[in-house]
Amino acid sequence: MTRLLVRDFDPAAAQRLVADGVLPALARVLAARGIARPDDLQLLIDRLEPPTALSHVNDAALLLADAIDAGVRLLIVADYDCDGATACAVGLRGLQAMGADVDYLVPNRFEYGYGLTPEIVELAAQKSPDLIITVDNGIASVDGVARANELGIAVLVTDHHLPGPVLPDAACIVNPNQPGCGFPSKHLAGVGVMFYVLLALRAELRARGRYTEATQPRLNTLLDLVALGTVADVVPLDRNNRILVAAGLERIRNGRANPGIAALFEVAGRSTRTARAADLGFTIGPRVNAAGRLTDMTVGIECLLADEPARALELARQLDELNRERRAIEADMQVDALTELDDTDLGSRRTITLFNEGWHQGVVGLVASRVKERHHRPTIAFARADERMLRGSGRSIEGVHLRDVLDLVTKAA
């Protein structure tokens with residue numbers, strides 16, 4: 001059955017738009033989407049919030065510039081979703097363009113879990129890095145950063161997730177949601193945070209005489225990757241994110257897409273010339289995400305790093321096949337979940353918890369999302385990780401933050 005959801009909107013914002021000549025009905029639609037003033041409709045790249053507004057971004061630039069000057073080894077530790085993959089690709093491409101000795105590591109989520117854990121640090125140490133850079137993770141990795149410090153490896157955390165009560169003891173943390181950060185756009189995705197770090201690094205290297213305005217690396221070549229990660233991570237499209245996404249889509253439409261993104265459009269049967277945000281969110285993003293859900297994100301990252309179109313197309317086809325497999329698995333799991341719930345009287349239950357012995361642990365988050373949407377209750381779905389452990393993924397409704405709820409449960413136990 002079709003359901004109509006009425007969005008709230010700020011009447012004052014709608015009135016400002018009407019006063020600027022926007023039709024009243026359209027003004028209400030725009031206000032409901034967070035457009036607060038006429039200037040918000042100006043999506044020019046030079047209207048981005050400046051990097052200097054992001055707390056500690058200049059410290060990160062100094063740290064990275066010193067590392068590049070010293071020729072030390074850098075290692076990016078990426079998350080296993082599309083935001084993490086694009087952030088890794090942006091970081092690698094940008095740092096290499098500025099002369100860094102940089103490699104990456106993307107752990108298998110089924111073996112190492114989420115974030116910079118001590119086990120992942122041990123794995124990273126095998127590559128002998130002097131500095132670990134987390135992308136789209138790390139803000140909660142207190143133990144992992146402590147282990148890196150014990151091994152003499154400095155850590156730069158770039159993340160956008162909400163921090164816990166204790167921050168990791170990293171050499172530097174760049175996160176618009178960390179305490180005391182006054183950056184106006186709190187909704188930057190992980191890839192957006194990494195892009196801002198590169199902007200600050202380039203400015204620092206320019207100040208050191210490494211580049212001029214004419215000779216500096218062109219970071220706008222990374223904007224299609226930034227747009228993909230931003231849309232795929234479903235962060236709110238505030239004015240700053242809209243600018244990033246609009247600039248990235250313009251590159252794609254103008255035939256200047258990253259070879260990996262162009263190849264993903266090709267295997268999906270979509271035209272880059274008419275690329276829209278919906279293509280990134282519902283077509284390209286899921287194909288990249290499929291790698292992290294079923295195996296690990298290496299194939300996705302390598303596709304986004306490929307410079308040769310033939311190699312990019314080969315990897316894009318692998319991602320397309322993984323996505324087909326993921327959809328088949330997800331469809332079966334959804335039938336299991338929804339059938340079981342159809343036979344269950346939810347009554348006054350406020351949450352839903354599901355488990356099935358045959359479910360795939362990489363897809364339980366998608367099942368939790370579908371159940372949450374259908375029954376409007378916070379939902380956690382579990383699959384078996386091994387003989388002694390279940391691994392789950394949760395999705396919540398507006399007003400209920402699962403992390404806070406689970407924290408309270410842990411304290412009460």
# chains A, B, ... in the order shown; residues from 1 in each chain; ligands from 1
>>> closest_atom_pairs(of="segment 15-109 of chain A", to="segment 304-327 of chain A", cutoff="9 Å", atoms="only C-alpha atoms", output="Markdown table")
| residue | atom | partner | partner_atom | distance |
| --- | --- | --- | --- | --- |
| A:Ala85 | CA | A:Leu304 | CA | 8.0 |
| A:Thr86 | CA | A:Leu304 | CA | 7.2 |
| A:Ala89 | CA | A:Leu305 | CA | 6.0 |
| A:Val90 | CA | A:Leu305 | CA | 8.8 |
| A:Leu92 | CA | A:Leu305 | CA | 8.3 |
| A:Arg93 | CA | A:Leu305 | CA | 7.6 |
>>> residues_around(residues="Arg270 of chain A", least_positions_apart="2", cutoff="12 Å", atoms="only C-alpha atoms", output="list in words")
Ile252, Arg253, Ile261, Ala262, Ala263, Leu264, Phe265, Glu266, Val267, Ala268, Thr272, Arg273, Thr274, Ala275, Arg276, Ala278, Asp279, Leu280, Phe282, Thr283 and Ile284 of chain A
>>> closest_residue(among="A:Val191, A:Ala146, A:Leu41, A:Ile133", to="Asp20 of chain A", atoms="only C-alpha atoms")
A:Leu41
>>> atom_distance(atom1="atom CA of Glu302 of chain A", atom2="atom CA of Leu131 of chain A")
21.7 Å
>>> closest_atom_pairs(of="segment 53-160 of chain A", to="segment 357-373 of chain A", cutoff="12 Å", atoms="only C-alpha atoms", output="CSV")
residue,atom,partner,partner_atom,distance
A:Tyr80,CA,A:Gly362,CA,10.6
A:Asp81,CA,A:Gly362,CA,10.9
A:Asn108,CA,A:Gly362,CA,10.7
A:Arg109,CA,A:Gly362,CA,8.3
A:Phe110,CA,A:Gly362,CA,7.9
A:Glu111,CA,A:Gln361,CA,11.4
A:Gly113,CA,A:Gly362,CA,11.1
>>> atom_distance(atom1="atom CA of Val245 of chain A", atom2="atom CA of Thr158 of chain A")
19.8 Å
>>> residues_around(residues="Gly281 of chain A", least_positions_apart="3", cutoff="9 Å", atoms="only C-alpha atoms", output="NGL selection string")
:A and (228-234 or 276-278 or 284-286)
>>> write_last_selection(atoms="N, CA and C atoms", output="PDB file, in the first residue's frame")
ATOM      1  N   LEU A 228      30.174  10.315  -5.144  1.00  0.00           N
ATOM      2  CA  LEU A 228      29.705   8.938  -5.009  1.00  0.00           C
ATOM      3  C   LEU A 228      29.649   8.525  -3.540  1.00  0.00           C
ATOM      4  N   GLY A 229      30.725   8.753  -2.798  1.00  0.00           N
ATOM      5  CA  GLY A 229      30.734   8.357  -1.393  1.00  0.00           C
ATOM      6  C   GLY A 229      29.716   9.111  -0.568  1.00  0.00           C
ATOM      7  N   THR A 230      29.531  10.387  -0.871  1.00  0.00           N
ATOM      8  CA  THR A 230      28.583  11.214  -0.116  1.00  0.00           C
ATOM      9  C   THR A 230      27.155  10.726  -0.312  1.00  0.00           C
ATOM     10  N   VAL A 231      26.775  10.479  -1.561  1.00  0.00           N
ATOM     11  CA  VAL A 231      25.408  10.024  -1.836  1.00  0.00           C
ATOM     12  C   VAL A 231      25.199   8.600  -1.321  1.00  0.00           C
ATOM     13  N   ALA A 232      26.171   7.720  -1.545  1.00  0.00           N
ATOM     14  CA  ALA A 232      26.017   6.322  -1.137  1.00  0.00           C
ATOM     15  C   ALA A 232      25.925   6.166   0.367  1.00  0.00           C
ATOM     16  N   ASP A 233      26.522   7.089   1.121  1.00  0.00           N
ATOM     17  CA  ASP A 233      26.474   6.981   2.584  1.00  0.00           C
ATOM     18  C   ASP A 233      25.203   7.576   3.168  1.00  0.00           C
ATOM     19  N   VAL A 234      24.345   8.121   2.317  1.00  0.00           N
ATOM     20  CA  VAL A 234      23.031   8.636   2.706  1.00  0.00           C
ATOM     21  C   VAL A 234      23.149   9.685   3.819  1.00  0.00           C
ATOM     22  N   ARG A 276      22.716  11.203 -12.472  1.00  0.00           N
ATOM     23  CA  ARG A 276      21.998  11.890 -11.403  1.00  0.00           C
ATOM     24  C   ARG A 276      22.441  11.321 -10.061  1.00  0.00           C
ATOM     25  N   ALA A 277      22.082  12.026  -8.998  1.00  0.00           N
ATOM     26  CA  ALA A 277      22.403  11.532  -7.661  1.00  0.00           C
ATOM     27  C   ALA A 277      21.776  10.161  -7.436  1.00  0.00           C
ATOM     28  N   ALA A 278      20.592   9.929  -7.993  1.00  0.00           N
ATOM     29  CA  ALA A 278      19.932   8.632  -7.825  1.00  0.00           C
ATOM     30  C   ALA A 278      20.765   7.507  -8.429  1.00  0.00           C
ATOM     31  N   ILE A 284      25.307   2.761  -8.674  1.00  0.00           N
ATOM     32  CA  ILE A 284      26.763   2.641  -8.566  1.00  0.00           C
ATOM     33  C   ILE A 284      27.177   2.264  -7.146  1.00  0.00           C
ATOM     34  N   GLY A 285      26.645   2.959  -6.166  1.00  0.00           N
ATOM     35  CA  GLY A 285      26.991   2.683  -4.772  1.00  0.00           C
ATOM     36  C   GLY A 285      26.772   1.236  -4.365  1.00  0.00           C
ATOM     37  N   PRO A 286      25.601   0.635  -4.655  1.00  0.00           N
ATOM     38  CA  PRO A 286      25.387  -0.757  -4.267  1.00  0.00           C
ATOM     39  C   PRO A 286      26.371  -1.734  -4.888  1.00  0.00           C
TER      40      PRO A 286
END
>>> atom_distance(atom1="atom CA of Val174 of chain A", atom2="atom CA of Asp224 of chain A")
21.9 Å
>>> closest_residue(among="A:Ala14, A:Cys82, A:Val29, A:Ala203", to="Asn289 of chain A", atoms="only C-alpha atoms")
A:Cys82
>>> residues_around(residues="Asp336 of chain A", least_positions_apart="4", cutoff="10 Å", atoms="only C-alpha atoms", output="ChimeraX atom specification")
/A:330-332,340-341,355-356,358-359,367
